[in-house]
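*Asks:* Below: one structure in structure tokens.
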Amino acid sequence: MRIASTVEITLAALLFLVLFIGVIWQVLGRYFPAMNWPGAGEIARYSLMGITFIMVGYLIAKNGQITVAVIDNIVGPRWAATVRFISSGLLAIICLWLTWEAWALFSDGFRRSTAVLQIPFGYLFLLPLVGFVSGTLMAVVKMVRAREPEPDRLVLEEEIS
């Protein structure tokens, strides 16, 4: 899980850098017409899409999704593991379903391409596919580890060390 998380964070950071460059290019293109390039907006838009989907598995593994801590507090520590197991199971089923849909988009996406850069959509749909496969695997791991207590939030210091 640690290697997968490192890969996901690295990809997200690269996509964020591309998003930042695309947005800055758009802003500069407004003030300096010679720098105007329609591809900058397309790059920024699809980078944001990539960040959104590539981080699915990471957020599931690090308990960054919507948590069931309120229910855990209501049912108490005795039933908290059961609640975590059921919620992780539902999350795994949803991610598996979304993986199936992302596969359908990926396999059918090479017939069309983006408007400006002419990138086949199949390559763009690879990001949701990878994100939902990772999310499915991380949810299954969380089902196995349902008896272990979870933190309620992401802690940056844990990721740096």
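All residue names refer to the structure tokens as shown: chains lettered A, B, ... in order, residues numbered from 1 in each chain, ligands numbered from 1 in order.
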Neighbours of A:Trp103 within 9 Å (only C-alpha atoms; same-chain residues fewer than 4 positions away dropped), as a PyMOL selection string?
*Replies:* chain A and resi 98-99+107-108+125-126+128-129
*Asks:* Can you write out as JSON lines which residues of stretch 66-160 of chain A fall within 10 Å of stretch 21-42 of chain A, alongside each residue's closest atom pair and its distance in Å to one decimal, counting only C-alpha atoms and ordering rows by chain and ascending residue number?
*Replies:*
```
{"residue": "A:Thr114", "atom": "CA", "partner": "A:Glu42", "partner_atom": "CA", "distance": 8.2}
{"residue": "A:Ala115", "atom": "CA", "partner": "A:Glu42", "partner_atom": "CA", "distance": 8.4}
{"residue": "A:Val116", "atom": "CA", "partner": "A:Gly39", "partner_atom": "CA", "distance": 5.7}
{"residue": "A:Leu117", "atom": "CA", "partner": "A:Gly39", "partner_atom": "CA", "distance": 6.1}
{"residue": "A:Gln118", "atom": "CA", "partner": "A:Gly39", "partner_atom": "CA", "distance": 9.8}
```
*Asks:* For A:Leu11, which residue among A:Ile71, A:Ala44, A:Met138, A:Val130 is the nearest when counting only C-alpha atoms?
*Replies:*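 Of A:Ile71, A:Ala44, A:Met138, A:Val130, the one nearest A:Leu11 is A:Val130, counting only C-alpha atoms.
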*Asks:* Let's see if you can do this: from backbone DSSP, list all alpha helix (DSSP H) residues in stretch 47-83 of chain A, as a PDB file with C-alpha atoms, in the first residue's frame.
*Replies:*
```
ATOM      1  CA  SER A  47      -5.082  17.590 -15.366  1.00  0.00           C
ATOM      2  CA  LEU A  48      -7.738  18.500 -12.821  1.00  0.00           C
ATOM      3  CA  MET A  49      -9.757  15.487 -13.946  1.00  0.00           C
ATOM      4  CA  GLY A  50      -6.668  13.305 -13.545  1.00  0.00           C
ATOM      5  CA  ILE A  51      -5.951  14.554 -10.022  1.00  0.00           C
ATOM      6  CA  THR A  52      -9.532  13.889  -9.020  1.00  0.00           C
ATOM      7  CA  PHE A  53      -9.509  10.269 -10.119  1.00  0.00           C
ATOM      8  CA  ILE A  54      -5.914   9.253  -9.443  1.00  0.00           C
ATOM      9  CA  VAL A  56      -9.288   7.823  -5.135  1.00  0.00           C
ATOM     10  CA  GLY A  57      -7.204   4.908  -3.856  1.00  0.00           C
ATOM     11  CA  TYR A  58      -4.950   7.106  -1.766  1.00  0.00           C
ATOM     12  CA  LEU A  59      -7.858   8.811  -0.030  1.00  0.00           C
ATOM     13  CA  ILE A  60      -9.552   5.497   0.672  1.00  0.00           C
ATOM     14  CA  ALA A  61      -6.340   4.037   2.129  1.00  0.00           C
ATOM     15  CA  ALA A  69     -16.895   8.048  12.727  1.00  0.00           C
ATOM     16  CA  VAL A  70     -20.272   9.364  13.856  1.00  0.00           C
ATOM     17  CA  ILE A  71     -21.775   5.889  13.558  1.00  0.00           C
ATOM     18  CA  ASP A  72     -18.714   4.416  15.293  1.00  0.00           C
ATOM     19  CA  ASN A  73     -19.329   6.730  18.255  1.00  0.00           C
ATOM     20  CA  ILE A  74     -23.016   5.804  18.395  1.00  0.00           C
ATOM     21  CA  VAL A  75     -22.563   2.024  18.278  1.00  0.00           C
ATOM     22  CA  PRO A  77     -16.197   0.190  20.176  1.00  0.00           C
ATOM     23  CA  ARG A  78     -17.870  -3.217  20.219  1.00  0.00           C
ATOM     24  CA  TRP A  79     -19.604  -2.752  16.856  1.00  0.00           C
ATOM     25  CA  ALA A  80     -17.197  -0.253  15.294  1.00  0.00           C
ATOM     26  CA  ALA A  81     -15.256  -2.981  13.471  1.00  0.00           C
ATOM     27  CA  THR A  82     -18.503  -4.293  11.970  1.00  0.00           C
ATOM     28  CA  VAL A  83     -19.463  -0.825  10.791  1.00  0.00           C
TER      29      VAL A  83
END
```
*Asks:* Residues at most 10 Å from A:Gly89, counting only C-alpha atoms, excluding those fewer than 3 positions away in the same chain, as a count of residues only?
*Replies:* 15
*Asks:* Find the residues around A:Arg112 up to 8 Å (only C-alpha atoms counted), leave out those fewer than 3 positions away in its own chain, and share them as a ChimeraX atom specification.
*Replies:* /A:109,120-121
*Asks:* Using all heavy atoms, can you write the selected residues to a file as a PDB file, in the first residue's frame?
*Replies:*
```
ATOM      1  N   GLY A 109     -12.756   4.641 -25.854  1.00  0.00           N
ATOM      2  CA  GLY A 109     -12.310   6.021 -25.953  1.00  0.00           C
ATOM      3  C   GLY A 109     -11.347   6.344 -27.061  1.00  0.00           C
ATOM      4  O   GLY A 109     -11.063   7.512 -27.308  1.00  0.00           O
ATOM      5  N   PRO A 120      -6.306  11.094 -27.846  1.00  0.00           N
ATOM      6  CA  PRO A 120      -7.419  10.139 -27.782  1.00  0.00           C
ATOM      7  C   PRO A 120      -7.962  10.037 -26.349  1.00  0.00           C
ATOM      8  O   PRO A 120      -7.197   9.976 -25.389  1.00  0.00           O
ATOM      9  CB  PRO A 120      -6.779   8.820 -28.225  1.00  0.00           C
ATOM     10  CG  PRO A 120      -5.583   9.225 -29.011  1.00  0.00           C
ATOM     11  CD  PRO A 120      -5.096  10.498 -28.394  1.00  0.00           C
ATOM     12  N   PHE A 121      -9.278  10.037 -26.231  1.00  0.00           N
ATOM     13  CA  PHE A 121      -9.905   9.984 -24.911  1.00  0.00           C
ATOM     14  C   PHE A 121      -9.537   8.709 -24.153  1.00  0.00           C
ATOM     15  O   PHE A 121      -9.586   8.686 -22.927  1.00  0.00           O
ATOM     16  CB  PHE A 121     -11.426  10.096 -25.029  1.00  0.00           C
ATOM     17  CG  PHE A 121     -11.916  11.498 -25.158  1.00  0.00           C
ATOM     18  CD1 PHE A 121     -12.564  11.900 -26.309  1.00  0.00           C
ATOM     19  CD2 PHE A 121     -11.738  12.412 -24.147  1.00  0.00           C
ATOM     20  CE1 PHE A 121     -13.027  13.192 -26.441  1.00  0.00           C
ATOM     21  CE2 PHE A 121     -12.183  13.706 -24.262  1.00  0.00           C
ATOM     22  CZ  PHE A 121     -12.832  14.104 -25.419  1.00  0.00           C
TER      23      PHE A 121
END
```
*Asks:* Select, from A:Phe110, A:Met55, A:Phe20, A:Leu96, the residue with the minimum atom-to-atom distance to A:Glu8, counting only C-alpha atoms.
*Replies:* A:Met55
*Asks:* Can you measure atom CA of A:Trp100 to atom CA of A:Ser113 for me? One decimal in Å is fine.
*Replies:* 21.3 Å
